[in-house]
Amino acid sequence: MNSPHPVLFLVSADSGCVRADPDAPHVSVMDLGVTRGDGIFETISVCDGRAQALEPHLDRFARSARLLDLPEPDLGLYRQAILAAIEAHDDLAELYVKTVMTRGIEGTGVPTGWVYAAAAADFTTARTEGIRAVTLDRGLRHDVAQTSPWLLQGAKTLSYAVNRAALREAERRDADDVIFVSSDGFVLEGPTANVILRKGSTLVTPRTDQGILPGTTQASVFEFAQAEGMNTEYAVIPAADLLSADALWLVSSVRQAVPINRLDGVKRSIDVELSTSMTSYLLDRRD
Ligand code: PLP
């Protein structure tokens, strides 16, 4: 039966993947995901009923689990729950699916897992007209993943309170989004997106060993660019390069590619042609 409401499946080693009422409570107040934000998640875009970059998202889910010393998630069960949630959801052009695994109820050592599908917001204006971004200091060096792996930079953890605080700071500065810069002056990522710069006919993104999330959307954008005959590059990018870049984007699942039309209050031109073809490539992905 299709539903216009979010569709929820609980995922556990004991019961497999079981559909549940999204309006009913399912997670204990003693769950470490709730009390400490100790867990991991993925958000996957679904276009015309197809989950995009499903396997890269599942691989990254498992990678985050390893970084947090969590039990290995049963990717077969999560895949089954994702596909079942999409199948059971109302047929909308754009949905998203969220997968969550927490460390579970304190003392049990048994993770809590769930997957839900829900309608995506309308990002048409952001995709076509762009967004205003500000740079914010993340307060960590670009080599933090090597020097202090316990800070879990680059893992997709449930502890996103800092990411949301950065977005509120952007709002206070009259902007929509953020580009984090390392304390030693290198471009990192957004609170929920990767950064791509165009320099001539080359697309450049920060190297993923700098405590940032390796993006599934960024990887797709690079596939698109290579097919278009453009060069692509992973680099350590000084913050000043943001000013000299020909165009800038934030790219992520669900919102896809959004051009930046203002950075730190300074107006920037957006590359309408490349943005349009990038967005249609991203929306047309069927796996
Ligand atoms: N960086 C961070 C911190 C994110 O939270 C996200 C996505 O939510 C991304 C980058 C982009 O990753 P993806 O394109 O796989 O959604």
# chains A, B, ... in the order shown; residues from 1 in each chain; ligands from 1
call {"tool": "residues_near_ligand", "arguments": {"ligand": "ligand 1", "cutoff": "7 Å", "atoms": "only C-alpha atoms and all ligand atoms", "output": "list of chain:residue names"}}
result
A:Thr43, A:Ile44, A:His57, A:Lys156, A:Glu189, A:Gly190, A:Pro191, A:Thr192, A:Ala193, A:Asn194, A:Ile212, A:Leu213, A:Pro214, A:Gly215, A:Thr216, A:Thr217, A:Gln218, A:Val251, A:Ser252, A:Ser253
call {"tool": "write_last_selection", "arguments": {"atoms": "N, CA and C atoms", "output": "JSON list (two decimals), in the first residue's frame"}}
result
[["chain", "number", "residue", "atom", "x", "y", "z"],
["A", 43, "THR", "N", 21.82, 9.99, 4.30],
["A", 43, "THR", "CA", 20.62, 10.53, 3.64],
["A", 43, "THR", "C", 20.80, 10.32, 2.14],
["A", 44, "ILE", "N", 19.85, 9.65, 1.55],
["A", 44, "ILE", "CA", 19.97, 9.21, 0.15],
["A", 44, "ILE", "C", 18.87, 9.87, -0.68],
["A", 57, "HIS", "N", 26.49, 5.08, -0.73],
["A", 57, "HIS", "CA", 25.95, 5.47, 0.58],
["A", 57, "HIS", "C", 26.10, 4.32, 1.57],
["A", 156, "LYS", "N", 30.06, 10.23, 9.31],
["A", 156, "LYS", "CA", 28.72, 10.83, 9.27],
["A", 156, "LYS", "C", 27.99, 10.41, 10.53],
["A", 189, "GLU", "N", 34.51, 21.82, 3.80],
["A", 189, "GLU", "CA", 33.20, 21.37, 3.28],
["A", 189, "GLU", "C", 32.14, 22.26, 3.89],
["A", 190, "GLY", "N", 30.88, 22.04, 3.51],
["A", 190, "GLY", "CA", 29.77, 22.71, 4.18],
["A", 190, "GLY", "C", 29.28, 21.83, 5.32],
["A", 191, "PRO", "N", 28.33, 22.33, 6.13],
["A", 191, "PRO", "CA", 27.78, 21.52, 7.22],
["A", 191, "PRO", "C", 27.01, 20.30, 6.71],
["A", 192, "THR", "N", 26.50, 20.38, 5.47],
["A", 192, "THR", "CA", 25.77, 19.22, 4.92],
["A", 192, "THR", "C", 26.11, 19.02, 3.43],
["A", 193, "ALA", "N", 27.27, 19.48, 2.99],
["A", 193, "ALA", "CA", 27.57, 19.42, 1.55],
["A", 193, "ALA", "C", 29.07, 19.50, 1.30],
["A", 194, "ASN", "N", 29.48, 19.08, 0.12],
["A", 194, "ASN", "CA", 30.86, 19.28, -0.32],
["A", 194, "ASN", "C", 30.94, 20.53, -1.18],
["A", 212, "ILE", "N", 36.94, 15.55, 6.15],
["A", 212, "ILE", "CA", 35.64, 15.88, 5.56],
["A", 212, "ILE", "C", 35.00, 14.60, 5.04],
["A", 213, "LEU", "N", 33.71, 14.70, 4.75],
["A", 213, "LEU", "CA", 32.99, 13.54, 4.27],
["A", 213, "LEU", "C", 33.28, 13.33, 2.78],
["A", 214, "PRO", "N", 33.65, 12.11, 2.38],
["A", 214, "PRO", "CA", 33.79, 11.85, 0.94],
["A", 214, "PRO", "C", 32.39, 11.83, 0.32],
["A", 215, "GLY", "N", 32.06, 12.79, -0.50],
["A", 215, "GLY", "CA", 30.66, 12.99, -0.95],
["A", 215, "GLY", "C", 30.28, 12.09, -2.11],
["A", 216, "THR", "N", 29.09, 11.53, -2.03],
["A", 216, "THR", "CA", 28.58, 10.73, -3.15],
["A", 216, "THR", "C", 28.16, 11.64, -4.31],
["A", 217, "THR", "N", 27.61, 12.81, -3.98],
["A", 217, "THR", "CA", 27.18, 13.74, -5.04],
["A", 217, "THR", "C", 28.40, 14.33, -5.73],
["A", 218, "GLN", "N", 29.40, 14.70, -4.95],
["A", 218, "GLN", "CA", 30.64, 15.24, -5.53],
["A", 218, "GLN", "C", 31.25, 14.21, -6.49],
["A", 251, "VAL", "N", 27.46, 20.81, -3.04],
["A", 251, "VAL", "CA", 26.77, 19.64, -3.63],
["A", 251, "VAL", "C", 26.50, 18.60, -2.55],
["A", 252, "SER", "N", 25.30, 18.04, -2.59],
["A", 252, "SER", "CA", 24.91, 17.04, -1.59],
["A", 252, "SER", "C", 23.69, 16.28, -2.07],
["A", 253, "SER", "N", 23.46, 15.13, -1.45],
["A", 253, "SER", "CA", 22.27, 14.36, -1.75],
["A", 253, "SER", "C", 21.03, 15.21, -1.46]]
call {"tool": "closest_atom_pairs", "arguments": {"of": "region 102-149 of chain A", "to": "region 219-237 of chain A", "cutoff": "12 Å", "atoms": "only C-alpha atoms", "output": "JSON lines"}}
result
{"residue": "A:Arg141", "atom": "CA", "partner": "A:Val236", "partner_atom": "CA", "distance": 11.9}
{"residue": "A:His142", "atom": "CA", "partner": "A:Val236", "partner_atom": "CA", "distance": 8.5}
{"residue": "A:Asp143", "atom": "CA", "partner": "A:Val236", "partner_atom": "CA", "distance": 10.3}
call {"tool": "write_last_selection", "arguments": {"atoms": "N, CA and C atoms", "output": "mmCIF file, in the first residue's frame"}}
result
data_model
loop_
_atom_site.group_PDB
_atom_site.id
_atom_site.type_symbol
_atom_site.label_atom_id
_atom_site.label_comp_id
_atom_site.auth_asym_id
_atom_site.auth_seq_id
_atom_site.Cartn_x
_atom_site.Cartn_y
_atom_site.Cartn_z
ATOM 1 N N ARG A 141 42.631 21.925 12.357
ATOM 2 C CA ARG A 141 43.560 21.963 11.219
ATOM 3 C C ARG A 141 43.098 21.008 10.117
ATOM 4 N N HIS A 142 43.627 21.204 8.900
ATOM 5 C CA HIS A 142 43.185 20.364 7.778
ATOM 6 C C HIS A 142 43.677 18.923 7.927
ATOM 7 N N ASP A 143 44.698 18.706 8.813
ATOM 8 C CA ASP A 143 45.222 17.335 8.973
ATOM 9 C C ASP A 143 44.643 16.647 10.215
#
call {"tool": "closest_residue", "arguments": {"among": "A:Ile86, A:Ala120, A:Met101, A:Ile40", "to": "Ala13 (chain A)", "atoms": "only C-alpha atoms"}}
result
A:Met101
call {"tool": "select_by_dssp", "arguments": {"residues": "region 55-91 of chain A", "states": "helix (DSSP H, G or I)", "output": "list of chain:residue names"}}
result
A:Glu55, A:Pro56, A:His57, A:Leu58, A:Asp59, A:Arg60, A:Phe61, A:Ala62, A:Arg63, A:Ser64, A:Ala65, A:Arg66, A:Leu67, A:Leu75, A:Gly76, A:Leu77, A:Tyr78, A:Arg79, A:Gln80, A:Ala81, A:Ile82, A:Leu83, A:Ala84, A:Ala85, A:Ile86, A:Glu87, A:Ala88
call {"tool": "write_last_selection", "arguments": {"atoms": "C-alpha atoms", "output": "short mmCIF file (atom, residue, chain, number, x, y, z; two decimals), in the first residue's frame"}}
result
data_model
loop_
_atom_site.label_atom_id
_atom_site.label_comp_id
_atom_site.auth_asym_id
_atom_site.auth_seq_id
_atom_site.Cartn_x
_atom_site.Cartn_y
_atom_site.Cartn_z
CA GLU A 55 25.97 1.44 -2.91
CA PRO A 56 28.34 4.39 -2.22
CA HIS A 57 25.95 5.47 0.58
CA LEU A 58 25.91 1.95 2.06
CA ASP A 59 29.72 1.75 1.81
CA ARG A 60 30.01 5.10 3.62
CA PHE A 61 27.51 3.92 6.29
CA ALA A 62 29.82 0.94 6.97
CA ARG A 63 32.88 3.24 6.94
CA SER A 64 31.27 5.55 9.53
CA ALA A 65 30.48 2.49 11.69
CA ARG A 66 34.15 1.47 11.57
CA LEU A 67 35.31 5.00 12.48
CA LEU A 75 24.10 -3.77 4.65
CA GLY A 76 21.84 -6.42 3.10
CA LEU A 77 19.14 -5.62 5.67
CA TYR A 78 19.57 -1.86 5.29
CA ARG A 79 19.42 -2.18 1.48
CA GLN A 80 16.22 -4.25 1.82
CA ALA A 81 14.68 -1.65 4.16
CA ILE A 82 15.63 1.24 1.85
CA LEU A 83 14.08 -0.41 -1.20
CA ALA A 84 10.97 -1.44 0.74
CA ALA A 85 10.49 2.08 2.15
CA ILE A 86 10.73 3.61 -1.35
CA GLU A 87 8.34 1.01 -2.75
CA ALA A 88 5.79 1.70 0.00
#
call {"tool": "select_by_dssp", "arguments": {"residues": "region 127-276 of chain A", "states": "strand (DSSP E)", "output": "ChimeraX atom specification"}}
result
/A:131-137,177-181,194-199,202-206,231-235,247-252,256-263,266-267
call {"tool": "write_last_selection", "arguments": {"atoms": "C-alpha atoms", "output": "PDB file, in the first residue's frame"}}
result
ATOM      1  CA  ILE A 131      22.437  30.519  -2.446  1.00  0.00           C
ATOM      2  CA  ARG A 132      24.427  32.908  -0.239  1.00  0.00           C
ATOM      3  CA  ALA A 133      27.306  31.312   1.670  1.00  0.00           C
ATOM      4  CA  VAL A 134      29.704  32.481   4.357  1.00  0.00           C
ATOM      5  CA  THR A 135      33.065  31.022   5.308  1.00  0.00           C
ATOM      6  CA  LEU A 136      33.366  29.950   8.956  1.00  0.00           C
ATOM      7  CA  ASP A 137      36.432  28.708  10.816  1.00  0.00           C
ATOM      8  CA  ASP A 177      24.860  28.166   4.048  1.00  0.00           C
ATOM      9  CA  VAL A 178      28.443  27.756   5.172  1.00  0.00           C
ATOM     10  CA  ILE A 179      31.840  26.777   3.803  1.00  0.00           C
ATOM     11  CA  PHE A 180      34.030  25.589   6.658  1.00  0.00           C
ATOM     12  CA  VAL A 181      37.683  26.597   6.517  1.00  0.00           C
ATOM     13  CA  ASN A 194      30.855  19.277  -0.325  1.00  0.00           C
ATOM     14  CA  VAL A 195      32.402  22.278  -2.039  1.00  0.00           C
ATOM     15  CA  ILE A 196      33.318  22.338  -5.731  1.00  0.00           C
ATOM     16  CA  LEU A 197      35.253  25.164  -7.426  1.00  0.00           C
ATOM     17  CA  ARG A 198      35.563  25.729 -11.150  1.00  0.00           C
ATOM     18  CA  LYS A 199      38.922  27.041 -12.317  1.00  0.00           C
ATOM     19  CA  THR A 202      38.826  22.127 -14.182  1.00  0.00           C
ATOM     20  CA  LEU A 203      36.531  21.252 -11.288  1.00  0.00           C
ATOM     21  CA  VAL A 204      38.400  21.126  -7.985  1.00  0.00           C
ATOM     22  CA  THR A 205      37.231  19.809  -4.606  1.00  0.00           C
ATOM     23  CA  PRO A 206      39.061  19.493  -1.281  1.00  0.00           C
ATOM     24  CA  ASN A 231      39.406  18.010 -15.785  1.00  0.00           C
ATOM     25  CA  THR A 232      38.765  17.101 -12.168  1.00  0.00           C
ATOM     26  CA  GLU A 233      41.084  17.456  -9.219  1.00  0.00           C
ATOM     27  CA  TYR A 234      41.207  16.678  -5.477  1.00  0.00           C
ATOM     28  CA  ALA A 235      43.432  19.258  -3.795  1.00  0.00           C
ATOM     29  CA  ALA A 247      32.306  29.475  -9.957  1.00  0.00           C
ATOM     30  CA  LEU A 248      31.439  27.707  -6.714  1.00  0.00           C
ATOM     31  CA  TRP A 249      28.888  25.042  -5.754  1.00  0.00           C
ATOM     32  CA  LEU A 250      27.765  23.186  -2.671  1.00  0.00           C
ATOM     33  CA  VAL A 251      26.769  19.644  -3.627  1.00  0.00           C
ATOM     34  CA  SER A 252      24.909  17.041  -1.585  1.00  0.00           C
ATOM     35  CA  GLN A 256      21.966  18.129  -5.397  1.00  0.00           C
ATOM     36  CA  ALA A 257      24.117  20.991  -6.818  1.00  0.00           C
ATOM     37  CA  VAL A 258      23.482  24.570  -5.721  1.00  0.00           C
ATOM     38  CA  PRO A 259      25.591  27.416  -7.111  1.00  0.00           C
ATOM     39  CA  ILE A 260      26.883  30.059  -4.695  1.00  0.00           C
ATOM     40  CA  ASN A 261      25.760  33.536  -5.748  1.00  0.00           C
ATOM     41  CA  ARG A 262      27.259  35.480  -2.821  1.00  0.00           C
ATOM     42  CA  LEU A 263      30.239  34.626  -0.625  1.00  0.00           C
ATOM     43  CA  VAL A 266      30.292  39.671  -1.977  1.00  0.00           C
ATOM     44  CA  LYS A 267      28.194  38.992  -5.068  1.00  0.00           C
TER      45      LYS A 267
END
call {"tool": "closest_residue", "arguments": {"among": "A:Val29, A:Val254, A:Leu243, A:Cys17", "to": "Glu106 (chain A)", "atoms": "only C-alpha atoms"}}
result
A:Val29
call {"tool": "residues_around", "arguments": {"residues": "Pro6 (chain A)", "least_positions_apart": "5", "cutoff": "9 Å", "atoms": "only C-alpha atoms", "output": "PDB file with N, CA and C atoms, in the first residue's frame"}}
result
ATOM      1  N   PRO A  22       5.243   5.361  11.679  1.00  0.00           N
ATOM      2  CA  PRO A  22       6.181   6.473  11.921  1.00  0.00           C
ATOM      3  C   PRO A  22       5.694   7.443  12.980  1.00  0.00           C
ATOM      4  N   ALA A  85      11.060   0.780   1.746  1.00  0.00           N
ATOM      5  CA  ALA A  85      10.489   2.085   2.147  1.00  0.00           C
ATOM      6  C   ALA A  85      10.136   2.905   0.903  1.00  0.00           C
ATOM      7  N   HIS A  89       6.334   4.062  -0.325  1.00  0.00           N
ATOM      8  CA  HIS A  89       6.028   5.501  -0.252  1.00  0.00           C
ATOM      9  C   HIS A  89       5.221   5.918  -1.469  1.00  0.00           C
ATOM     10  N   ASP A  90       4.442   6.960  -1.291  1.00  0.00           N
ATOM     11  CA  ASP A  90       3.742   7.566  -2.425  1.00  0.00           C
ATOM     12  C   ASP A  90       4.759   7.903  -3.505  1.00  0.00           C
ATOM     13  N   TYR A 116      13.832   5.430   7.034  1.00  0.00           N
ATOM     14  CA  TYR A 116      12.535   5.954   6.598  1.00  0.00           C
ATOM     15  C   TYR A 116      12.660   6.712   5.289  1.00  0.00           C
ATOM     16  N   ALA A 117      11.559   6.695   4.548  1.00  0.00           N
ATOM     17  CA  ALA A 117      11.462   7.470   3.304  1.00  0.00           C
ATOM     18  C   ALA A 117      10.472   8.596   3.542  1.00  0.00           C
ATOM     19  N   ALA A 118      10.771   9.783   3.009  1.00  0.00           N
ATOM     20  CA  ALA A 118       9.871  10.937   3.164  1.00  0.00           C
ATOM     21  C   ALA A 118       9.996  11.837   1.944  1.00  0.00           C
ATOM     22  N   ALA A 119       9.006  12.703   1.772  1.00  0.00           N
ATOM     23  CA  ALA A 119       9.013  13.632   0.631  1.00  0.00           C
ATOM     24  C   ALA A 119      10.162  14.631   0.781  1.00  0.00           C
TER      25      ALA A 119
END
